[in-house]
Amino acid sequence: MTALAVLLAVVLLAIAALHLAWAAGSTFPAASERELVRMVVGFKGQEHMPPPAAAVLVAVALAFAAYVALALASLCVWPLGGWSLTSAGMVLAFVFLARGVAAYLPAWRMRVPQQPFARLDRRYYGPLCLVIGAGFTLLATGTMA
């Protein structure tokens, strides 16, 4: 479980760092803001990245998720009761699994049809969320034993 928790934390923190870079105005990995919006936002008609505060909020949520992953493997201290740690892990599992499944649902695709986001979502973002969700499921259910 230790390796899984560390791997999840590294991936989540890397994604958090990317969101912080976007909050600071970076367009990596795109050449322009417009291109970045089409790659990572995907909403029809959206021309600009969400406000920096939104990207910072996502980065904080991802960093918290990384902390939960490490705590589930007893690699850091969880300040609340064990039941709350298991609950946090299961909530994160549900959130990531739901986001992963959404990538393949027609209703989601109608909301975020822009290319290349739609293709990247089905090929990379959705599967990554499913793997992260599965990881949290394994970690959280491991703490219930």
# chains A, B, ... in the order shown; residues from 1 in each chain; ligands from 1

$ residues_around --residues "A:Ala98" --least-positions-apart "5" --cutoff "10 Å" --atoms "only C-alpha atoms" --output "ChimeraX atom specification"
/A:92-93,103,126,129-130,133

$ residues_around --residues "A:Leu70" --least-positions-apart "4" --cutoff "10 Å" --atoms "only C-alpha atoms" --output "list in words"
Met1, Thr2, Ala3, Leu4, Ala5, Val6, Leu7, Leu8, Ala9, Phe64, Ala65, Ala66, Ser74, Leu75, Cys76, Val77, Trp78 and Leu139 of chain A

$ write_last_selection --atoms "C-alpha atoms" --output "JSON list (two decimals), in the first residue's frame"
[["chain", "number", "residue", "atom", "x", "y", "z"],
["A", 1, "MET", "CA", 0.00, 0.00, 0.00],
["A", 2, "THR", "CA", 2.94, 2.34, 0.62],
["A", 3, "ALA", "CA", 4.03, 2.37, -3.03],
["A", 4, "LEU", "CA", 0.47, 2.99, -4.21],
["A", 5, "ALA", "CA", 0.02, 5.90, -1.80],
["A", 6, "VAL", "CA", 3.31, 7.49, -2.81],
["A", 7, "LEU", "CA", 2.54, 7.05, -6.51],
["A", 8, "LEU", "CA", -0.91, 8.62, -6.07],
["A", 9, "ALA", "CA", 0.56, 11.50, -4.07],
["A", 64, "PHE", "CA", -5.32, 17.54, 0.10],
["A", 65, "ALA", "CA", -6.08, 14.38, -1.88],
["A", 66, "ALA", "CA", -2.34, 13.61, -1.95],
["A", 74, "SER", "CA", 0.16, 5.69, 7.51],
["A", 75, "LEU", "CA", 2.91, 7.77, 5.93],
["A", 76, "CYS", "CA", 1.72, 10.96, 7.61],
["A", 77, "VAL", "CA", -0.43, 11.85, 10.59],
["A", 78, "TRP", "CA", -4.20, 12.20, 10.19],
["A", 139, "LEU", "CA", -6.23, 2.46, 0.04]]

$ residues_around --residues "A:Ala140" --least-positions-apart "3" --cutoff "6 Å" --atoms "only C-alpha atoms" --output "PDB file with N, CA, C and O atoms, in the first residue's frame"
ATOM      1  N   THR A  86     -10.913   7.068   6.532  1.00  0.00           N
ATOM      2  CA  THR A  86     -11.524   6.109   5.609  1.00  0.00           C
ATOM      3  C   THR A  86     -12.609   6.791   4.790  1.00  0.00           C
ATOM      4  O   THR A  86     -12.702   6.604   3.574  1.00  0.00           O
ATOM      5  N   GLY A  89     -11.114   9.006   2.149  1.00  0.00           N
ATOM      6  CA  GLY A  89     -10.608   8.179   1.055  1.00  0.00           C
ATOM      7  C   GLY A  89     -11.717   7.683   0.151  1.00  0.00           C
ATOM      8  O   GLY A  89     -11.583   7.681  -1.075  1.00  0.00           O
ATOM      9  N   MET A  90     -12.826   7.271   0.746  1.00  0.00           N
ATOM     10  CA  MET A  90     -13.949   6.778  -0.060  1.00  0.00           C
ATOM     11  C   MET A  90     -14.616   7.909  -0.848  1.00  0.00           C
ATOM     12  O   MET A  90     -15.022   7.702  -1.998  1.00  0.00           O
ATOM     13  N   PHE A 136      -7.580   5.080  -4.694  1.00  0.00           N
ATOM     14  CA  PHE A 136      -8.198   5.497  -3.430  1.00  0.00           C
ATOM     15  C   PHE A 136      -9.113   4.413  -2.876  1.00  0.00           C
ATOM     16  O   PHE A 136      -9.188   4.223  -1.665  1.00  0.00           O
ATOM     17  N   THR A 137      -9.794   3.698  -3.749  1.00  0.00           N
ATOM     18  CA  THR A 137     -10.651   2.609  -3.289  1.00  0.00           C
ATOM     19  C   THR A 137      -9.810   1.550  -2.577  1.00  0.00           C
ATOM     20  O   THR A 137     -10.176   1.092  -1.477  1.00  0.00           O
ATOM     21  N   THR A 143      -7.828   0.313   4.866  1.00  0.00           N
ATOM     22  CA  THR A 143      -7.839   0.836   6.239  1.00  0.00           C
ATOM     23  C   THR A 143      -9.031   0.297   7.019  1.00  0.00           C
ATOM     24  O   THR A 143      -9.066   0.439   8.236  1.00  0.00           O
TER      25      THR A 143
END

$ closest_atom_pairs --of "stretch 21-93 of chain A" --to "stretch 105-113 of chain A" --cutoff "12 Å" --atoms "only C-alpha atoms" --output "CSV"
residue,atom,partner,partner_atom,distance
A:Val37,CA,A:Val112,CA,11.1
A:Arg38,CA,A:Pro113,CA,9.4
A:Met39,CA,A:Val112,CA,10.7
A:Val40,CA,A:Val112,CA,10.0
A:Val41,CA,A:Val112,CA,7.6
A:Gly42,CA,A:Val112,CA,4.7
A:Phe43,CA,A:Val112,CA,4.4
A:Lys44,CA,A:Val112,CA,6.2
A:Gly45,CA,A:Val112,CA,9.8
A:Gln46,CA,A:Val112,CA,9.9

$ closest_residue --among "A:Val101, A:Ala55, A:Ala61, A:Ala73" --to "A:Asp121" --atoms "only C-alpha atoms"
A:Val101

$ residues_around --residues "stretch 24-28 of chain A" --least-positions-apart "4" --cutoff "10 Å" --atoms "only C-alpha atoms" --output "JSON list (two decimals) with N, CA, C and O atoms, in the first residue's frame"
[["chain", "number", "residue", "atom", "x", "y", "z"],
["A", 18, "LEU", "N", 0.74, 21.86, -11.80],
["A", 18, "LEU", "CA", 0.31, 22.36, -13.11],
["A", 18, "LEU", "C", -0.80, 23.39, -12.95],
["A", 18, "LEU", "O", -0.79, 24.44, -13.60],
["A", 19, "HIS", "N", -1.75, 23.13, -12.07],
["A", 19, "HIS", "CA", -2.83, 24.09, -11.83],
["A", 19, "HIS", "C", -2.29, 25.39, -11.23],
["A", 19, "HIS", "O", -2.76, 26.48, -11.57],
["A", 20, "LEU", "N", -1.30, 25.29, -10.35],
["A", 20, "LEU", "CA", -0.69, 26.51, -9.81],
["A", 20, "LEU", "C", 0.03, 27.29, -10.90],
["A", 20, "LEU", "O", -0.03, 28.53, -10.92],
["A", 32, "SER", "N", -0.62, 29.11, -26.42],
["A", 32, "SER", "CA", -1.40, 30.31, -26.10],
["A", 32, "SER", "C", -2.52, 29.95, -25.12],
["A", 32, "SER", "O", -2.86, 28.76, -24.95],
["A", 33, "GLU", "N", -3.11, 30.97, -24.51],
["A", 33, "GLU", "CA", -4.21, 30.73, -23.60],
["A", 33, "GLU", "C", -5.39, 30.08, -24.33],
["A", 33, "GLU", "O", -6.01, 29.15, -23.81],
["A", 34, "ARG", "N", -5.68, 30.57, -25.51],
["A", 34, "ARG", "CA", -6.81, 30.02, -26.27],
["A", 34, "ARG", "C", -6.61, 28.52, -26.55],
["A", 34, "ARG", "O", -7.53, 27.71, -26.40],
["A", 35, "GLU", "N", -5.40, 28.17, -26.94],
["A", 35, "GLU", "CA", -5.08, 26.76, -27.19],
["A", 35, "GLU", "C", -5.17, 25.93, -25.90],
["A", 35, "GLU", "O", -5.69, 24.81, -25.91],
["A", 36, "LEU", "N", -4.71, 26.51, -24.79],
["A", 36, "LEU", "CA", -4.78, 25.81, -23.51],
["A", 36, "LEU", "C", -6.23, 25.56, -23.10],
["A", 36, "LEU", "O", -6.56, 24.47, -22.64],
["A", 37, "VAL", "N", -7.09, 26.56, -23.30],
["A", 37, "VAL", "CA", -8.52, 26.40, -22.98],
["A", 37, "VAL", "C", -9.10, 25.23, -23.77],
["A", 37, "VAL", "O", -9.83, 24.41, -23.23],
["A", 49, "MET", "N", -9.10, 31.03, -19.76],
["A", 49, "MET", "CA", -8.97, 30.11, -18.63],
["A", 49, "MET", "C", -9.83, 30.60, -17.48],
["A", 49, "MET", "O", -10.10, 31.80, -17.36],
["A", 52, "PRO", "N", -7.74, 32.69, -11.81],
["A", 52, "PRO", "CA", -6.64, 32.07, -11.07],
["A", 52, "PRO", "C", -7.08, 31.45, -9.74],
["A", 52, "PRO", "O", -6.58, 30.40, -9.35],
["A", 53, "ALA", "N", -8.02, 32.07, -9.05],
["A", 53, "ALA", "CA", -8.48, 31.53, -7.77],
["A", 53, "ALA", "C", -9.07, 30.13, -7.95],
["A", 53, "ALA", "O", -8.91, 29.27, -7.07],
["A", 55, "ALA", "N", -8.15, 27.90, -10.20],
["A", 55, "ALA", "CA", -7.02, 26.98, -10.40],
["A", 55, "ALA", "C", -6.31, 26.71, -9.08],
["A", 55, "ALA", "O", -5.90, 25.58, -8.81],
["A", 56, "VAL", "N", -6.18, 27.74, -8.23],
["A", 56, "VAL", "CA", -5.55, 27.55, -6.91],
["A", 56, "VAL", "C", -6.42, 26.63, -6.06],
["A", 56, "VAL", "O", -5.90, 25.74, -5.37]]

$ select_by_dssp --residues "chain A" --states "helix (DSSP H, G or I)" --output "PyMOL selection string"
chain A and resi 2-23+33-40+52-72+82-102+106-111+117-142
